[in-house]
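Content type mmCIF, N, CA and C atoms and all ligand atoms, from the file model.cif:
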data_query
#
loop_
_atom_site.label_atom_id
_atom_site.label_comp_id
_atom_site.auth_asym_id
_atom_site.auth_seq_id
_atom_site.Cartn_x
_atom_site.Cartn_y
_atom_site.Cartn_z
N MET A 331 120.44 75.07 107.37
CA MET A 331 119.23 75.88 107.64
C MET A 331 119.49 76.86 108.78
N SER A 332 119.09 78.07 108.59
CA SER A 332 119.24 79.05 109.66
C SER A 332 118.19 78.80 110.73
N ARG A 333 118.34 79.49 111.84
CA ARG A 333 117.40 79.27 112.94
C ARG A 333 115.99 79.70 112.53
N ILE A 334 115.90 80.79 111.78
CA ILE A 334 114.58 81.28 111.35
C ILE A 334 113.90 80.26 110.46
N ARG A 335 114.65 79.67 109.55
CA ARG A 335 114.06 78.66 108.66
C ARG A 335 113.52 77.50 109.48
N VAL A 336 114.27 77.07 110.48
CA VAL A 336 113.80 75.98 111.32
C VAL A 336 112.53 76.39 112.05
N ALA A 337 112.47 77.65 112.50
CA ALA A 337 111.30 78.12 113.24
C ALA A 337 110.05 78.07 112.37
N PHE A 338 110.21 78.28 111.05
CA PHE A 338 109.04 78.31 110.16
C PHE A 338 108.80 76.97 109.49
N TRP A 339 109.57 75.95 109.86
CA TRP A 339 109.42 74.63 109.25
C TRP A 339 108.46 73.81 110.08
N ASP A 340 107.20 73.69 109.62
CA ASP A 340 106.18 72.98 110.38
C ASP A 340 105.19 72.33 109.42
N PRO A 341 105.66 71.33 108.65
CA PRO A 341 104.79 70.73 107.62
C PRO A 341 103.55 70.06 108.20
N ALA A 342 103.61 69.61 109.44
CA ALA A 342 102.47 68.94 110.04
C ALA A 342 101.48 69.94 110.65
N GLY A 343 101.86 71.19 110.76
CA GLY A 343 100.97 72.19 111.33
C GLY A 343 100.80 72.09 112.82
N SER A 344 101.74 71.42 113.50
CA SER A 344 101.57 71.25 114.94
C SER A 344 101.84 72.54 115.69
N ARG A 345 102.63 73.42 115.14
CA ARG A 345 102.94 74.67 115.83
C ARG A 345 102.02 75.80 115.40
N TYR A 346 101.70 75.87 114.09
CA TYR A 346 100.96 77.02 113.56
C TYR A 346 99.51 76.70 113.24
N GLY A 347 99.11 75.42 113.37
CA GLY A 347 97.72 75.07 113.09
C GLY A 347 97.52 74.63 111.65
N ILE A 348 98.29 75.17 110.72
CA ILE A 348 98.24 74.70 109.34
C ILE A 348 99.67 74.44 108.90
N PRO A 349 99.85 73.57 107.90
CA PRO A 349 101.21 73.29 107.44
C PRO A 349 101.93 74.58 107.07
N THR A 350 103.12 74.72 107.59
CA THR A 350 103.85 75.98 107.45
C THR A 350 105.26 75.70 106.94
N TYR A 351 105.66 76.50 105.99
CA TYR A 351 106.97 76.32 105.38
C TYR A 351 107.70 77.65 105.33
N PRO A 352 109.01 77.59 105.42
CA PRO A 352 109.78 78.81 105.21
C PRO A 352 109.80 79.15 103.73
N TRP A 353 110.15 80.37 103.45
CA TRP A 353 110.30 80.87 102.08
C TRP A 353 111.09 79.88 101.24
N ARG A 354 110.58 79.54 100.07
CA ARG A 354 111.25 78.69 99.07
C ARG A 354 111.25 77.21 99.43
N LEU A 355 110.71 76.81 100.56
CA LEU A 355 110.76 75.41 100.93
C LEU A 355 109.39 74.74 100.93
N ALA A 356 108.39 75.39 100.37
CA ALA A 356 107.08 74.76 100.27
C ALA A 356 107.12 73.66 99.23
N PRO A 357 106.34 72.59 99.42
CA PRO A 357 106.31 71.53 98.41
C PRO A 357 105.75 72.06 97.10
N PRO A 358 106.13 71.45 95.99
CA PRO A 358 105.79 72.02 94.67
C PRO A 358 104.30 72.05 94.35
N HIS A 359 103.47 71.25 95.07
CA HIS A 359 102.05 71.27 94.73
C HIS A 359 101.30 72.37 95.48
N LEU A 360 101.98 73.07 96.39
CA LEU A 360 101.33 74.18 97.10
C LEU A 360 101.80 75.49 96.50
N LEU A 361 100.82 76.27 96.03
CA LEU A 361 101.13 77.52 95.33
C LEU A 361 100.40 78.68 95.99
N THR A 362 100.98 79.86 95.88
CA THR A 362 100.28 81.05 96.34
C THR A 362 99.24 81.44 95.30
N LEU A 363 98.34 82.34 95.69
CA LEU A 363 97.31 82.83 94.76
C LEU A 363 97.96 83.36 93.48
N ARG A 364 99.05 84.10 93.66
CA ARG A 364 99.71 84.70 92.52
C ARG A 364 100.30 83.64 91.59
N GLN A 365 100.85 82.59 92.18
CA GLN A 365 101.40 81.52 91.37
C GLN A 365 100.29 80.75 90.65
N LEU A 366 99.16 80.55 91.35
CA LEU A 366 98.02 79.90 90.70
C LEU A 366 97.56 80.72 89.51
N ALA A 367 97.41 82.03 89.73
CA ALA A 367 96.93 82.91 88.66
C ALA A 367 97.86 82.86 87.47
N ALA A 368 99.16 82.75 87.72
CA ALA A 368 100.11 82.69 86.62
C ALA A 368 99.91 81.43 85.80
N GLU A 369 99.32 80.40 86.40
CA GLU A 369 99.04 79.16 85.68
C GLU A 369 97.63 79.16 85.11
N GLY A 370 96.93 80.28 85.26
CA GLY A 370 95.55 80.34 84.79
C GLY A 370 94.59 79.57 85.67
N LEU A 371 94.90 79.50 86.97
CA LEU A 371 94.09 78.73 87.90
C LEU A 371 93.58 79.63 89.02
N ARG A 372 92.51 79.14 89.69
CA ARG A 372 92.01 79.78 90.90
C ARG A 372 91.85 78.69 91.95
N PRO A 373 91.80 79.03 93.24
CA PRO A 373 91.76 77.99 94.28
C PRO A 373 90.55 77.08 94.18
N GLY A 374 89.43 77.57 93.63
CA GLY A 374 88.21 76.77 93.64
C GLY A 374 87.62 76.78 95.04
N GLY A 375 86.96 75.70 95.45
CA GLY A 375 86.32 75.70 96.74
C GLY A 375 87.24 75.43 97.92
N GLN A 376 88.46 75.04 97.63
CA GLN A 376 89.34 74.63 98.72
C GLN A 376 89.70 75.80 99.64
N GLY A 377 89.92 75.48 100.89
CA GLY A 377 90.41 76.49 101.81
C GLY A 377 91.92 76.58 101.73
N VAL A 378 92.47 77.39 102.63
CA VAL A 378 93.92 77.52 102.69
C VAL A 378 94.52 76.19 103.11
N GLN A 379 95.52 75.71 102.37
CA GLN A 379 96.12 74.41 102.65
C GLN A 379 97.42 74.52 103.44
N GLY A 380 97.97 75.71 103.47
CA GLY A 380 99.23 75.90 104.17
C GLY A 380 99.64 77.34 104.09
N GLN A 381 100.77 77.65 104.67
CA GLN A 381 101.24 79.03 104.60
C GLN A 381 102.75 79.06 104.49
N LEU A 382 103.20 80.12 103.87
CA LEU A 382 104.62 80.44 103.86
C LEU A 382 104.83 81.51 104.91
N LEU A 383 105.86 81.38 105.69
CA LEU A 383 106.20 82.44 106.63
C LEU A 383 107.62 82.89 106.33
N TRP A 384 107.82 84.18 106.37
CA TRP A 384 109.18 84.68 106.24
C TRP A 384 109.29 85.98 107.01
N ARG A 385 110.50 86.25 107.39
CA ARG A 385 110.75 87.46 108.16
C ARG A 385 111.08 88.57 107.18
N SER A 386 110.30 89.64 107.24
CA SER A 386 110.50 90.74 106.31
C SER A 386 111.29 91.85 106.98
N ARG A 387 112.20 92.39 106.24
CA ARG A 387 112.94 93.56 106.73
C ARG A 387 112.50 94.81 105.97
N ARG A 388 111.39 94.68 105.29
CA ARG A 388 110.94 95.82 104.50
C ARG A 388 110.67 97.02 105.39
N HIS A 389 111.16 98.15 104.97
CA HIS A 389 111.01 99.37 105.75
C HIS A 389 109.53 99.68 105.95
N GLY A 390 109.15 99.96 107.17
CA GLY A 390 107.78 100.34 107.47
C GLY A 390 106.90 99.15 107.82
N ALA A 391 107.28 97.94 107.40
CA ALA A 391 106.47 96.76 107.71
C ALA A 391 107.36 95.61 108.12
N PRO A 392 108.15 95.81 109.15
CA PRO A 392 109.02 94.71 109.58
C PRO A 392 108.22 93.64 110.30
N GLY A 393 108.77 92.48 110.39
CA GLY A 393 108.10 91.41 111.12
C GLY A 393 107.88 90.20 110.25
N VAL A 394 107.07 89.29 110.76
CA VAL A 394 106.83 88.05 110.03
C VAL A 394 105.70 88.27 109.04
N ARG A 395 105.91 87.86 107.84
CA ARG A 395 104.88 87.98 106.81
C ARG A 395 104.44 86.59 106.38
N ALA A 396 103.19 86.50 105.94
CA ALA A 396 102.62 85.20 105.58
C ALA A 396 102.01 85.26 104.18
N ALA A 397 102.11 84.17 103.46
CA ALA A 397 101.40 84.02 102.19
C ALA A 397 100.68 82.69 102.27
N TYR A 398 99.39 82.69 101.92
CA TYR A 398 98.64 81.45 102.01
C TYR A 398 98.86 80.61 100.77
N LEU A 399 98.83 79.31 100.97
CA LEU A 399 99.12 78.36 99.90
C LEU A 399 97.88 77.53 99.59
N TYR A 400 97.71 77.22 98.31
CA TYR A 400 96.59 76.40 97.86
C TYR A 400 97.14 75.22 97.09
N ASP A 401 96.41 74.11 97.16
CA ASP A 401 96.86 72.88 96.51
C ASP A 401 96.49 72.92 95.03
N VAL A 402 97.49 72.83 94.20
CA VAL A 402 97.26 72.94 92.75
C VAL A 402 96.38 71.79 92.27
N ARG A 403 96.33 70.67 93.01
CA ARG A 403 95.53 69.53 92.57
C ARG A 403 94.04 69.78 92.73
N PHE A 404 93.66 70.73 93.63
CA PHE A 404 92.25 71.06 93.80
C PHE A 404 91.87 72.33 93.04
N ALA A 405 92.84 72.95 92.40
CA ALA A 405 92.58 74.22 91.74
C ALA A 405 91.74 74.01 90.48
N LEU A 406 91.01 75.05 90.11
CA LEU A 406 90.14 75.00 88.93
C LEU A 406 90.60 76.06 87.95
N PRO A 407 90.23 75.87 86.67
CA PRO A 407 90.59 76.91 85.69
C PRO A 407 89.93 78.23 86.05
N LYS A 408 90.58 79.29 85.72
CA LYS A 408 90.02 80.61 85.96
C LYS A 408 88.72 80.78 85.20
N ARG A 409 87.76 81.44 85.84
CA ARG A 409 86.49 81.71 85.18
C ARG A 409 86.69 82.73 84.08
N THR A 410 86.17 82.47 82.92
CA THR A 410 86.16 83.50 81.89
C THR A 410 84.72 83.86 81.61
N ALA A 411 84.47 85.05 81.10
CA ALA A 411 83.11 85.50 80.86
C ALA A 411 82.44 84.59 79.83
N THR A 412 81.18 84.23 80.10
CA THR A 412 80.42 83.43 79.13
C THR A 412 79.98 84.35 77.99
N PRO A 413 79.61 83.77 76.84
CA PRO A 413 79.11 84.61 75.74
C PRO A 413 77.96 85.51 76.17
N ALA A 414 77.06 84.96 77.02
CA ALA A 414 75.92 85.76 77.47
C ALA A 414 76.40 86.96 78.30
N GLN A 415 77.40 86.71 79.17
CA GLN A 415 77.93 87.81 79.99
C GLN A 415 78.58 88.86 79.11
N ARG A 416 79.32 88.38 78.07
CA ARG A 416 79.98 89.34 77.19
C ARG A 416 78.94 90.17 76.43
N ALA A 417 77.85 89.51 76.00
CA ALA A 417 76.80 90.22 75.28
C ALA A 417 76.16 91.27 76.17
N ALA A 418 75.94 90.91 77.45
CA ALA A 418 75.32 91.85 78.38
C ALA A 418 76.23 93.06 78.58
N LEU A 419 77.53 92.80 78.70
CA LEU A 419 78.48 93.91 78.87
C LEU A 419 78.47 94.80 77.64
N GLY A 420 78.45 94.18 76.46
CA GLY A 420 78.42 94.95 75.22
C GLY A 420 77.19 95.83 75.14
N LYS A 421 76.04 95.27 75.57
CA LYS A 421 74.80 96.05 75.54
C LYS A 421 74.87 97.22 76.51
N ALA A 422 75.40 96.95 77.71
CA ALA A 422 75.50 98.01 78.71
C ALA A 422 76.38 99.14 78.19
N ASN A 423 77.49 98.76 77.55
CA ASN A 423 78.38 99.79 77.03
C ASN A 423 77.74 100.55 75.88
N ALA A 424 76.97 99.83 75.04
CA ALA A 424 76.28 100.50 73.94
C ALA A 424 75.28 101.50 74.50
N ALA A 425 74.59 101.12 75.60
CA ALA A 425 73.61 102.03 76.19
C ALA A 425 74.28 103.30 76.68
N ARG A 426 75.50 103.18 77.16
CA ARG A 426 76.19 104.37 77.67
C ARG A 426 76.63 105.28 76.53
N ARG A 427 76.63 104.74 75.30
CA ARG A 427 77.07 105.56 74.15
C ARG A 427 75.89 106.06 73.34
N THR A 428 74.67 105.66 73.73
CA THR A 428 73.51 106.00 72.91
C THR A 428 72.80 107.22 73.48
N CYS A 429 72.65 108.22 72.66
CA CYS A 429 72.05 109.48 73.10
C CYS A 429 70.54 109.33 73.20
N PRO A 430 69.92 109.70 74.32
CA PRO A 430 68.47 109.58 74.45
C PRO A 430 67.73 110.62 73.60
N GLU A 431 68.39 111.68 73.14
CA GLU A 431 67.73 112.71 72.33
C GLU A 431 67.63 112.28 70.87
N CYS A 432 68.81 111.96 70.29
CA CYS A 432 68.81 111.63 68.86
C CYS A 432 68.88 110.14 68.61
N LEU A 433 68.96 109.33 69.69
CA LEU A 433 68.91 107.88 69.60
C LEU A 433 70.05 107.30 68.76
N ARG A 434 71.14 108.02 68.62
CA ARG A 434 72.28 107.49 67.89
C ARG A 434 73.30 106.91 68.86
N ASP A 435 74.03 105.86 68.40
CA ASP A 435 75.23 105.41 69.11
C ASP A 435 76.35 106.33 68.63
N VAL A 436 76.72 107.25 69.48
CA VAL A 436 77.63 108.31 69.03
C VAL A 436 79.10 107.89 69.08
N GLY A 437 79.38 106.68 69.62
CA GLY A 437 80.75 106.19 69.56
C GLY A 437 81.60 106.59 70.74
N TYR A 438 81.05 107.35 71.66
CA TYR A 438 81.77 107.66 72.89
C TYR A 438 80.77 107.60 74.05
N VAL A 439 81.27 107.41 75.26
CA VAL A 439 80.38 107.37 76.43
C VAL A 439 79.87 108.78 76.67
N LEU A 440 78.55 108.91 76.80
CA LEU A 440 77.94 110.23 76.96
C LEU A 440 78.44 110.88 78.25
N PRO A 441 78.78 112.14 78.20
CA PRO A 441 79.17 112.85 79.43
C PRO A 441 77.99 112.87 80.40
N ARG A 442 78.26 112.45 81.63
CA ARG A 442 77.19 112.30 82.60
C ARG A 442 76.48 113.64 82.87
N HIS A 443 77.25 114.71 82.87
CA HIS A 443 76.64 115.99 83.26
C HIS A 443 75.74 116.53 82.16
N LEU A 444 75.92 116.03 80.91
CA LEU A 444 75.05 116.47 79.82
C LEU A 444 73.86 115.54 79.67
N GLY A 445 74.13 114.22 79.74
CA GLY A 445 73.05 113.24 79.58
C GLY A 445 72.68 113.05 78.13
N THR A 446 73.28 113.79 77.22
CA THR A 446 73.02 113.65 75.78
C THR A 446 74.36 113.67 75.07
N CYS A 447 74.32 113.47 73.75
CA CYS A 447 75.56 113.58 73.01
C CYS A 447 75.98 115.04 72.90
N LEU A 448 77.18 115.28 72.45
CA LEU A 448 77.69 116.65 72.41
C LEU A 448 76.91 117.49 71.40
N ASP A 449 76.50 116.86 70.27
CA ASP A 449 75.74 117.59 69.27
C ASP A 449 74.42 118.10 69.84
N CYS A 450 73.69 117.18 70.55
CA CYS A 450 72.41 117.56 71.13
C CYS A 450 72.61 118.63 72.20
N ALA A 451 73.65 118.47 73.00
CA ALA A 451 73.91 119.44 74.06
C ALA A 451 74.15 120.83 73.44
N GLU A 452 74.87 120.85 72.34
CA GLU A 452 75.15 122.12 71.67
C GLU A 452 73.88 122.72 71.10
N GLY A 453 73.04 121.81 70.51
CA GLY A 453 71.78 122.28 69.94
C GLY A 453 70.88 122.91 70.99
N CYS A 454 70.88 122.33 72.21
CA CYS A 454 70.06 122.87 73.30
C CYS A 454 70.56 124.22 73.72
N ALA A 455 71.90 124.34 73.78
CA ALA A 455 72.50 125.59 74.25
C ALA A 455 72.28 126.72 73.24
N ALA A 456 72.25 126.36 71.96
CA ALA A 456 72.17 127.40 70.95
C ALA A 456 70.79 128.03 70.88
ZN ZN B 1 72.20 113.31 70.52
#

Show this structure as structure tokens.
Ligand SMILES: [Zn+2]
Amino acid sequence: MSRIRVAFWDPAGSRYGIPTYPWRLAPPHLLTLRQLAAEGLRPGGQGVQGQLLWRSRRHGAPGVRAAYLYDVRFALPKRTATPAQRAALGKANAARRTCPECLRDVGYVLPRHLGTCLDCAEGCAA
């Protein structure tokens, strides 16, 4: 282990306040948000359970970088839209395609500056 790895090795959280691991050395049940999302999970109600620390040499943002870790055992499945939510979205989108002049669903979102479908707008201009 390099000196930096030792500096970031603090599973008990005595140095950093929360359990801290160097890059690649976190226990397998602690995942970052991105790793949770890849499994179709979200943190749920749990708070941050630990952190990864690593030294970044990225140009423009050098220094120590952190990623928060969540316990996969407390994670919940990702929320998906309920049928009612999907229906509401469908209705909202239909409303944006429905011309208030001719009351047709014209199949495209009405241009905001016209407020009507293109046919009605042309009819007004003519
Ligand atoms: Zn119209």

Contacts to ligand ZN 1 (chain B) at 6 Å cut-off (only C-alpha atoms and all ligand atoms) as an mmCIF file with N, CA and C atoms, in the frame of the given file:
data_model
loop_
_atom_site.group_PDB
_atom_site.id
_atom_site.type_symbol
_atom_site.label_atom_id
_atom_site.label_comp_id
_atom_site.auth_asym_id
_atom_site.auth_seq_id
_atom_site.Cartn_x
_atom_site.Cartn_y
_atom_site.Cartn_z
ATOM 1 N N CYS A 429 72.650 108.220 72.660
ATOM 2 C CA CYS A 429 72.050 109.480 73.100
ATOM 3 C C CYS A 429 70.540 109.330 73.200
ATOM 4 N N GLU A 431 68.390 111.680 73.140
ATOM 5 C CA GLU A 431 67.730 112.710 72.330
ATOM 6 C C GLU A 431 67.630 112.280 70.870
ATOM 7 N N CYS A 432 68.810 111.960 70.290
ATOM 8 C CA CYS A 432 68.810 111.630 68.860
ATOM 9 C C CYS A 432 68.880 110.140 68.610
ATOM 10 N N THR A 446 73.280 113.790 77.220
ATOM 11 C CA THR A 446 73.020 113.650 75.780
ATOM 12 C C THR A 446 74.360 113.670 75.070
ATOM 13 N N CYS A 447 74.320 113.470 73.750
ATOM 14 C CA CYS A 447 75.560 113.580 73.010
ATOM 15 C C CYS A 447 75.980 115.040 72.900
ATOM 16 N N ASP A 449 76.500 116.860 70.270
ATOM 17 C CA ASP A 449 75.740 117.590 69.270
ATOM 18 C C ASP A 449 74.420 118.100 69.840
ATOM 19 N N CYS A 450 73.690 117.180 70.550
ATOM 20 C CA CYS A 450 72.410 117.560 71.130
ATOM 21 C C CYS A 450 72.610 118.630 72.200
#

> Which value, in Å to one decimal, gives the distance between atom C of Arg385 (chain A) and atom C of Gly343 (chain A)?
Replying inline: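 Taking atom C of Arg385 (chain A) as the start and atom C of Gly343 (chain A) as the end point, the length is 20.2 Å.
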
> Got a sec to tell me which of region 410-455 of chain A DSSP assigns to helix (DSSP H, G or I), as a PyMOL selection string?
Replying inline: chain A and resi 413-427+448-455

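In this model, the gap between atom C of Ala405 (chain A) and atom C of Leu371 (chain A) comes to 6.1 Å.
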
>> What's the separation between CA of Arg354 (chain A) and CA of Lys408 (chain A), in Å to one decimal place?
In response: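 So the two atoms, CA of Arg354 (chain A) and CA of Lys408 (chain A), lie 25.0 Å apart.
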